[in-house]
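Novice: Quick one, model-v6.pdb (PDB, C-alpha atoms and all ligand atoms):
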ATOM      1  CA  MET A 911     138.047 178.071 -63.467
ATOM      2  CA  ILE A 912     134.858 180.088 -63.767
ATOM      3  CA  LYS A 913     134.572 183.432 -62.007
ATOM      4  CA  ILE A 914     131.440 185.487 -61.536
ATOM      5  CA  ALA A 915     131.703 189.254 -61.147
ATOM      6  CA  PRO A 916     128.384 190.839 -60.146
ATOM      7  CA  SER A 917     128.141 194.428 -61.425
ATOM      8  CA  ILE A 918     126.846 196.776 -58.740
ATOM      9  CA  LEU A 919     125.511 199.080 -61.451
ATOM     10  CA  SER A 920     122.258 197.126 -61.123
ATOM     11  CA  ALA A 921     122.318 197.016 -57.312
ATOM     12  CA  ASP A 922     120.303 199.232 -54.995
ATOM     13  CA  PHE A 923     122.594 202.266 -54.514
ATOM     14  CA  ALA A 924     120.852 203.131 -51.239
ATOM     15  CA  LYS A 925     122.170 199.928 -49.676
ATOM     16  CA  LEU A 926     125.294 199.122 -51.622
ATOM     17  CA  ALA A 927     127.206 197.583 -48.715
ATOM     18  CA  GLU A 928     124.438 195.050 -48.030
ATOM     19  CA  GLU A 929     124.161 194.282 -51.730
ATOM     20  CA  VAL A 930     127.898 193.595 -51.990
ATOM     21  CA  LYS A 931     127.847 191.410 -48.885
ATOM     22  CA  GLU A 932     124.936 189.416 -50.217
ATOM     23  CA  VAL A 933     126.703 188.488 -53.451
ATOM     24  CA  GLU A 934     129.927 187.760 -51.563
ATOM     25  CA  ARG A 935     128.029 185.270 -49.380
ATOM     26  CA  ALA A 936     126.490 183.836 -52.531
ATOM     27  CA  GLY A 937     129.933 182.956 -53.896
ATOM     28  CA  ALA A 938     130.864 185.891 -56.126
ATOM     29  CA  ASP A 939     134.518 186.004 -57.161
ATOM     30  CA  TYR A 940     134.957 189.717 -57.949
ATOM     31  CA  ILE A 941     132.894 192.833 -57.339
ATOM     32  CA  HIS A 942     132.601 194.677 -60.663
ATOM     33  CA  ILE A 943     132.415 198.464 -60.323
ATOM     34  CA  ASP A 944     131.401 200.433 -63.421
ATOM     35  CA  VAL A 945     132.917 203.905 -63.420
ATOM     36  CA  MET A 946     131.279 206.236 -65.957
ATOM     37  CA  ASP A 947     132.090 209.901 -66.537
ATOM     38  CA  GLY A 948     129.295 211.260 -68.749
ATOM     39  CA  HIS A 949     131.855 211.824 -71.551
ATOM     40  CA  PHE A 950     133.290 208.515 -72.718
ATOM     41  CA  VAL A 951     129.841 207.069 -72.065
ATOM     42  CA  PRO A 952     126.568 208.964 -71.601
ATOM     43  CA  ASN A 953     126.026 207.885 -67.999
ATOM     44  CA  ILE A 954     127.608 208.992 -64.701
ATOM     45  CA  THR A 955     128.194 206.593 -61.812
ATOM     46  CA  PHE A 956     130.922 206.083 -59.216
ATOM     47  CA  GLY A 957     134.241 207.742 -58.421
ATOM     48  CA  PRO A 958     137.205 206.772 -56.234
ATOM     49  CA  LEU A 959     135.271 207.689 -53.076
ATOM     50  CA  ALA A 960     132.771 204.917 -53.737
ATOM     51  CA  VAL A 961     135.609 202.425 -54.228
ATOM     52  CA  ARG A 962     137.170 203.599 -50.967
ATOM     53  CA  ALA A 963     133.850 203.202 -49.147
ATOM     54  CA  LEU A 964     133.334 199.671 -50.482
ATOM     55  CA  ARG A 965     136.893 198.498 -49.792
ATOM     56  CA  PRO A 966     136.296 197.514 -46.135
ATOM     57  CA  VAL A 967     132.899 195.998 -46.937
ATOM     58  CA  THR A 968     134.228 192.937 -48.762
ATOM     59  CA  GLU A 969     137.294 190.743 -49.039
ATOM     60  CA  LEU A 970     136.632 190.121 -52.722
ATOM     61  CA  PRO A 971     138.836 191.761 -55.332
ATOM     62  CA  LEU A 972     137.359 195.040 -56.597
ATOM     63  CA  ASP A 973     137.285 194.909 -60.393
ATOM     64  CA  VAL A 974     137.093 198.540 -61.490
ATOM     65  CA  HIS A 975     135.942 199.093 -65.076
ATOM     66  CA  LEU A 976     136.862 202.640 -66.094
ATOM     67  CA  MET A 977     134.566 204.025 -68.785
ATOM     68  CA  ILE A 978     136.163 207.439 -68.670
ATOM     69  CA  GLU A 979     138.180 209.766 -70.850
ATOM     70  CA  ASN A 980     141.786 210.364 -69.844
ATOM     71  CA  PRO A 981     141.924 207.478 -67.336
ATOM     72  CA  ASP A 982     145.602 208.267 -66.531
ATOM     73  CA  ARG A 983     144.365 211.284 -64.619
ATOM     74  CA  TYR A 984     142.405 209.095 -62.153
ATOM     75  CA  ILE A 985     144.233 205.748 -62.035
ATOM     76  CA  PRO A 986     146.369 206.714 -59.009
ATOM     77  CA  GLU A 987     143.244 207.695 -57.042
ATOM     78  CA  PHE A 988     141.412 204.474 -57.876
ATOM     79  CA  ALA A 989     144.500 202.454 -56.949
ATOM     80  CA  GLU A 990     144.853 204.239 -53.623
ATOM     81  CA  ALA A 991     141.126 203.796 -52.976
ATOM     82  CA  GLY A 992     141.596 200.016 -53.045
ATOM     83  CA  ALA A 993     141.010 198.789 -56.604
ATOM     84  CA  ASP A 994     142.529 195.342 -57.180
ATOM     85  CA  ILE A 995     141.988 195.261 -60.938
ATOM     86  CA  ILE A 996     141.673 198.343 -63.137
ATOM     87  CA  THR A 997     140.533 197.988 -66.722
ATOM     88  CA  VAL A 998     140.735 200.814 -69.253
ATOM     89  CA  HIS A 999     139.127 201.115 -72.666
ATOM     90  CA  ALA A1000     141.511 200.831 -75.626
ATOM     91  CA  GLU A1001     139.308 203.458 -77.314
ATOM     92  CA  ALA A1002     140.028 205.984 -74.521
ATOM     93  CA  CYS A1003     143.805 205.476 -74.427
ATOM     94  CA  PRO A1004     145.984 206.933 -77.203
ATOM     95  CA  HIS A1005     149.033 205.717 -75.243
ATOM     96  CA  LEU A1006     147.618 202.391 -74.142
ATOM     97  CA  HIS A1007     150.956 200.812 -73.271
ATOM     98  CA  ARG A1008     151.849 203.719 -71.004
ATOM     99  CA  THR A1009     148.436 203.592 -69.305
ATOM    100  CA  VAL A1010     148.851 199.874 -68.618
ATOM    101  CA  GLN A1011     152.289 200.538 -67.119
ATOM    102  CA  LEU A1012     150.772 203.265 -64.946
ATOM    103  CA  ILE A1013     148.209 200.811 -63.528
ATOM    104  CA  ARG A1014     150.909 198.215 -62.864
ATOM    105  CA  SER A1015     153.188 200.772 -61.232
ATOM    106  CA  HIS A1016     150.567 201.067 -58.491
ATOM    107  CA  GLY A1017     150.648 197.330 -57.815
ATOM    108  CA  VAL A1018     147.203 196.856 -59.335
ATOM    109  CA  LYS A1019     146.266 194.210 -61.906
ATOM    110  CA  ALA A1020     145.807 195.740 -65.359
ATOM    111  CA  GLY A1021     143.217 195.025 -68.005
ATOM    112  CA  VAL A1022     142.169 196.435 -71.369
ATOM    113  CA  VAL A1023     138.530 196.669 -72.447
ATOM    114  CA  LEU A1024     137.360 196.379 -76.038
ATOM    115  CA  ASN A1025     134.091 197.884 -77.223
ATOM    116  CA  PRO A1026     132.004 195.630 -79.468
ATOM    117  CA  HIS A1027     133.406 197.163 -82.672
ATOM    118  CA  THR A1028     137.069 197.171 -81.600
ATOM    119  CA  PRO A1029     139.172 194.363 -83.088
ATOM    120  CA  PRO A1030     141.415 192.322 -80.776
ATOM    121  CA  ASP A1031     144.435 193.327 -82.909
ATOM    122  CA  VAL A1032     144.845 196.439 -80.711
ATOM    123  CA  LEU A1033     146.063 194.039 -78.011
ATOM    124  CA  ASP A1034     148.877 192.699 -80.160
ATOM    125  CA  TYR A1035     151.745 194.695 -78.624
ATOM    126  CA  VAL A1036     150.401 195.017 -75.097
ATOM    127  CA  ILE A1037     148.814 191.690 -74.225
ATOM    128  CA  GLY A1038     151.961 190.402 -72.515
ATOM    129  CA  GLU A1039     151.535 193.170 -69.930
ATOM    130  CA  LEU A1040     147.913 192.375 -69.128
ATOM    131  CA  ASP A1041     146.243 190.383 -66.371
ATOM    132  CA  MET A1042     142.866 190.669 -68.053
ATOM    133  CA  VAL A1043     141.141 191.421 -71.341
ATOM    134  CA  LEU A1044     137.556 192.604 -70.931
ATOM    135  CA  ILE A1045     135.373 192.063 -73.975
ATOM    136  CA  MET A1046     132.205 194.136 -74.106
ATOM    137  CA  THR A1047     129.164 192.326 -75.427
ATOM    138  CA  VAL A1048     127.080 195.526 -75.224
ATOM    139  CA  ASN A1049     127.982 199.115 -75.989
ATOM    140  CA  PRO A1050     129.105 200.474 -72.624
ATOM    141  CA  GLY A1051     127.082 202.941 -70.585
ATOM    142  CA  PHE A1052     124.076 201.097 -69.218
ATOM    143  CA  GLY A1053     123.043 197.897 -67.527
ATOM    144  CA  GLY A1054     120.251 195.678 -68.796
ATOM    145  CA  GLN A1055     121.080 195.802 -72.523
ATOM    146  CA  SER A1056     120.874 192.870 -74.910
ATOM    147  CA  PHE A1057     123.881 190.645 -75.552
ATOM    148  CA  ILE A1058     125.559 191.334 -78.924
ATOM    149  CA  ARG A1059     126.184 187.828 -80.234
ATOM    150  CA  GLU A1060     128.406 188.997 -83.126
ATOM    151  CA  VAL A1061     131.163 189.660 -80.577
ATOM    152  CA  VAL A1062     131.571 185.977 -79.607
ATOM    153  CA  PRO A1063     134.177 185.225 -82.340
ATOM    154  CA  LYS A1064     136.309 188.002 -80.834
ATOM    155  CA  ILE A1065     136.415 186.042 -77.571
ATOM    156  CA  GLU A1066     137.689 183.051 -79.555
ATOM    157  CA  ARG A1067     140.338 185.131 -81.340
ATOM    158  CA  THR A1068     141.530 186.647 -78.083
ATOM    159  CA  ALA A1069     141.666 183.243 -76.390
ATOM    160  CA  ALA A1070     143.731 181.927 -79.329
ATOM    161  CA  MET A1071     146.142 184.875 -79.050
ATOM    162  CA  ILE A1072     146.587 184.231 -75.320
ATOM    163  CA  LYS A1073     147.142 180.512 -75.854
ATOM    164  CA  GLU A1074     149.606 180.986 -78.722
ATOM    165  CA  ARG A1075     151.747 183.204 -76.542
ATOM    166  CA  GLY A1076     151.579 180.951 -73.515
ATOM    167  CA  LEU A1077     149.982 183.643 -71.339
ATOM    168  CA  ASP A1078     147.497 183.213 -68.493
ATOM    169  CA  THR A1079     145.569 186.441 -69.118
ATOM    170  CA  GLU A1080     141.943 186.217 -67.980
ATOM    171  CA  ILE A1081     139.171 186.919 -70.470
ATOM    172  CA  GLU A1082     136.211 188.679 -68.902
ATOM    173  CA  VAL A1083     132.923 189.255 -70.711
ATOM    174  CA  ASP A1084     130.610 192.129 -69.853
ATOM    175  CA  GLY A1085     127.130 193.011 -71.065
ATOM    176  CA  GLY A1086     123.949 191.028 -71.370
ATOM    177  CA  VAL A1087     125.455 187.990 -69.649
ATOM    178  CA  THR A1088     122.678 185.692 -68.425
ATOM    179  CA  GLU A1089     122.061 182.000 -67.857
ATOM    180  CA  ASP A1090     121.167 181.858 -71.569
ATOM    181  CA  THR A1091     124.152 183.722 -73.032
ATOM    182  CA  VAL A1092     126.975 182.657 -70.717
ATOM    183  CA  ALA A1093     127.463 179.225 -72.310
ATOM    184  CA  GLU A1094     128.624 180.527 -75.690
ATOM    185  CA  CYS A1095     131.037 182.935 -73.972
ATOM    186  CA  ALA A1096     132.490 180.122 -71.866
ATOM    187  CA  ARG A1097     132.864 177.850 -74.891
ATOM    188  CA  ALA A1098     134.615 180.674 -76.749
ATOM    189  CA  GLY A1099     137.203 180.921 -73.959
ATOM    190  CA  ALA A1100     135.996 183.512 -71.444
ATOM    191  CA  THR A1101     136.474 182.641 -67.779
ATOM    192  CA  VAL A1102     135.190 185.713 -65.925
ATOM    193  CA  PHE A1103     131.561 186.716 -66.335
ATOM    194  CA  VAL A1104     130.172 190.101 -65.345
ATOM    195  CA  ALA A1105     126.461 190.085 -64.633
ATOM    196  CA  GLY A1106     124.495 193.080 -63.421
ATOM    197  CA  SER A1107     120.784 192.834 -64.098
ATOM    198  CA  ALA A1108     120.918 189.024 -64.306
ATOM    199  CA  ILE A1109     121.941 188.962 -60.615
ATOM    200  CA  PHE A1110     120.848 192.187 -58.900
ATOM    201  CA  GLY A1111     117.668 192.348 -60.964
ATOM    202  CA  LYS A1112     116.549 189.031 -59.497
ATOM    203  CA  GLU A1113     114.758 188.415 -56.212
ATOM    204  CA  ASP A1114     116.990 185.449 -55.328
ATOM    205  CA  ARG A1115     120.524 186.647 -56.013
ATOM    206  CA  PRO A1116     122.311 183.483 -54.791
ATOM    207  CA  ALA A1117     120.204 181.335 -57.133
ATOM    208  CA  ALA A1118     120.791 183.726 -60.028
ATOM    209  CA  LEU A1119     124.550 183.723 -59.465
ATOM    210  CA  GLN A1120     124.680 179.953 -59.157
ATOM    211  CA  GLY A1121     122.510 179.551 -62.255
ATOM    212  CA  ILE A1122     124.999 181.555 -64.342
ATOM    213  CA  ARG A1123     127.950 179.634 -62.899
ATOM    214  CA  ASN A1124     126.262 176.280 -63.566
ATOM    215  CA  ALA A1125     125.380 177.221 -67.134
ATOM    216  CA  ALA A1126     129.003 178.225 -67.799
ATOM    217  CA  ALA A1127     130.325 175.017 -66.195
ATOM    218  CA  ALA A1128     127.874 172.855 -68.157
ATOM    219  CA  ALA A1129     129.008 174.460 -71.398
ATOM    220  CA  LEU A1130     132.580 173.363 -70.729
ATOM    221  CA  GLN A1131     131.750 169.673 -70.158
TER     222      GLN A1131
HETATM  223  O1  LIG A1201     130.030 197.952 -68.069
HETATM  224  C1  LIG A1201     128.837 197.724 -68.079
HETATM  225  C2  LIG A1201     127.899 198.551 -68.880
HETATM  226  O2  LIG A1201     128.580 199.544 -69.523
HETATM  227  C3  LIG A1201     128.363 196.547 -67.348
HETATM  228  O3  LIG A1201     129.256 196.108 -66.352
HETATM  229  C4  LIG A1201     126.920 196.467 -66.929
HETATM  230  O4  LIG A1201     126.731 196.771 -65.586
HETATM  231  C5  LIG A1201     126.419 195.070 -67.181
HETATM  232  O5  LIG A1201     125.086 195.029 -66.923
HETATM  233  P1  LIG A1201     124.175 193.824 -67.474
HETATM  234  O6  LIG A1201     124.259 193.900 -68.972
HETATM  235  O7  LIG A1201     124.783 192.570 -66.935
HETATM  236  O8  LIG A1201     122.839 194.131 -66.918
HETATM  237 FE    FE A1202     131.337 196.854 -66.716
END
In C-alpha cells, write the structure found in this file.
Specialist:
Amino acid sequence: MIKIAPSILSADFAKLAEEVKEVERAGADYIHIDVMDGHFVPNITFGPLAVRALRPVTELPLDVHLMIENPDRYIPEFAEAGADIITVHAEACPHLHRTVQLIRSHGVKAGVVLNPHTPPDVLDYVIGELDMVLIMTVNPGFGGQSFIREVVPKIERTAAMIKERGLDTEIEVDGGVTEDTVAECARAGATVFVAGSAIFGKEDRPAALQGIRNAAAAALQ
C-alpha cells in the first residue's frame, strides 16, 4: 500500500490549518511535520505547540520528524501534543534503543531516521522495535533540495532486512521526492513518501499528490 505524507515545511505557515485540510481532502495519508532546532540542523521550525494546534485540524496521523539534538528531552511533550508517529535521527541518539522505548512508552509509533551517509546497519539491534524507518534522500534541514540517488540501494537493503526478519516496519522516504523520483524509491521497497515542495509548491495540490501516488503505483506494476 502506498502512502503519501505531505510535508508542511513547504506549506504557507500563515494558513497552516487550511493547507493541512486541503491535502487531507486530496487523499493524503499522513501529515509530515518537520521539527528543526537550529542545532542538529541549521534551520528552526515547529515545536510541540504547533503539533497541539494542528491536532484538531485533521484526522490524519501526525508524522513528526524530529531533527533535534537530545530528542529524549522533548518526546513526552510531542506525544502529549498529539503526535501519532515520532521519528528520531540515529545520528542524534547515543542511546537509540532507550529513545525508541521512550517513544513507545507514550503509546506513539516509533521510527528511526537515517541521514544519507548513515548505513542501515545501525538498525540491526533495534529494528524489531520500530514501526517505521525513515530514509533521508537529502541532507536534512531544508525543503526543495535535490534527491540524492546514491541512497536508493539503502532502501533496498533496509527492505531486505525487514523481509528477512518477517517484520512489517514501514519504509518512508524523505527529500526530493517528486513524480520523477518516487518510482525508484517504490521499486526499492519504500511505501511511505514524504513530499513537501512537490505538493505544496504546486498550484494544484490534489493533482500533484495524485501524480506522485500514480507514479509510485505504476512503478510497482
Ligand atoms: O525533513 C525534511 C527536510 O529536512 C523534509 O521533510 C522536507 O520537508 C522535504 O521537502 P521536499 O524535499 O519534499 O521539498
Ligand atoms: Fe522530514
Novice: What residues have any atom no more than 8 Å from ligand FE 1202 (chain A) when counting all atoms listed in the file, and can you list them as JSON, numbers by chain?
Specialist: {"A": [917, 942, 943, 944, 945, 974, 975, 1046, 1050, 1084, 1085, 1104]}
Novice: Just checking: using all atoms listed in the file, which residue out of A:Gly1051, A:Gly948, A:Gly1099, A:Pro916 ends up closest to ligand LIG 1201 (chain A)?
Specialist: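 Nearest to ligand LIG 1201 (chain A): A:Gly1051.
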Novice: Rounded to one decimal, what separation in Å do you get between CA of Leu1024 in chain A and CA of Ile1045 in chain A?
Specialist: 5.2 Å
Novice: Using only C-alpha atoms, pick whichever of A:Val1036, A:Ile1109, A:Val1023, A:Ile978 has the shortest atom-to-atom distance to Asn953 in chain A.
Specialist: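 Between A:Val1036, A:Ile1109, A:Val1023, A:Ile978, the residue approaching Asn953 in chain A most closely is A:Ile978.
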Novice: With the PyMOL selection byres (((chain A and resi 999-1006) around 8) and not hetatm) as the selection, what would be picked from this file? Answer as a ChimeraX atom specification, please.
Specialist: /A:950,976-981,997-998,1007-1010,1022-1025,1028,1032,1036
Novice: Expand the PyMOL selection byres (((chain A and resi 1063) around 12) and not hetatm) into the explicit residue set it covers here, and present it as a PyMOL selection string.
Specialist: chain A and resi 1026-1027+1029-1030+1045+1047+1058-1062+1064-1070+1094-1100
Novice: Determine the nearest neighbour of ligand LIG 1201 (chain A) from the options A:Ala1128, A:Ala1108, A:Leu1012, A:Leu1119, counting all atoms listed in the file.
Specialist: A:Ala1108
Novice: Go through A:Ile1122, A:Val1092, A:Ala1117, A:Ile995 and flag the residue nearest Glu932 in chain A, using only C-alpha atoms for the distances.
Specialist: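 Of A:Ile1122, A:Val1092, A:Ala1117, A:Ile995, the one nearest Glu932 in chain A is A:Ala1117, counting only C-alpha atoms.
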Novice: Would you place a box with edges along x, y and z of the file around all atoms of range 965-974 of chain A listed there, add 4 Å to each of its six sides, and report the centre and edge lengths in Å to one decimal, as AutoDock Vina command-line options?
Specialist:
--center_x 135.9 --center_y 194.3 --center_z -53.8 --size_x 13.9 --size_y 16.4 --size_z 23.4
Novice: Quote the spacing between CA of Glu969 in chain A and CA of Ala991 in chain A in Å to one decimal place.
Specialist: 14.2 Å
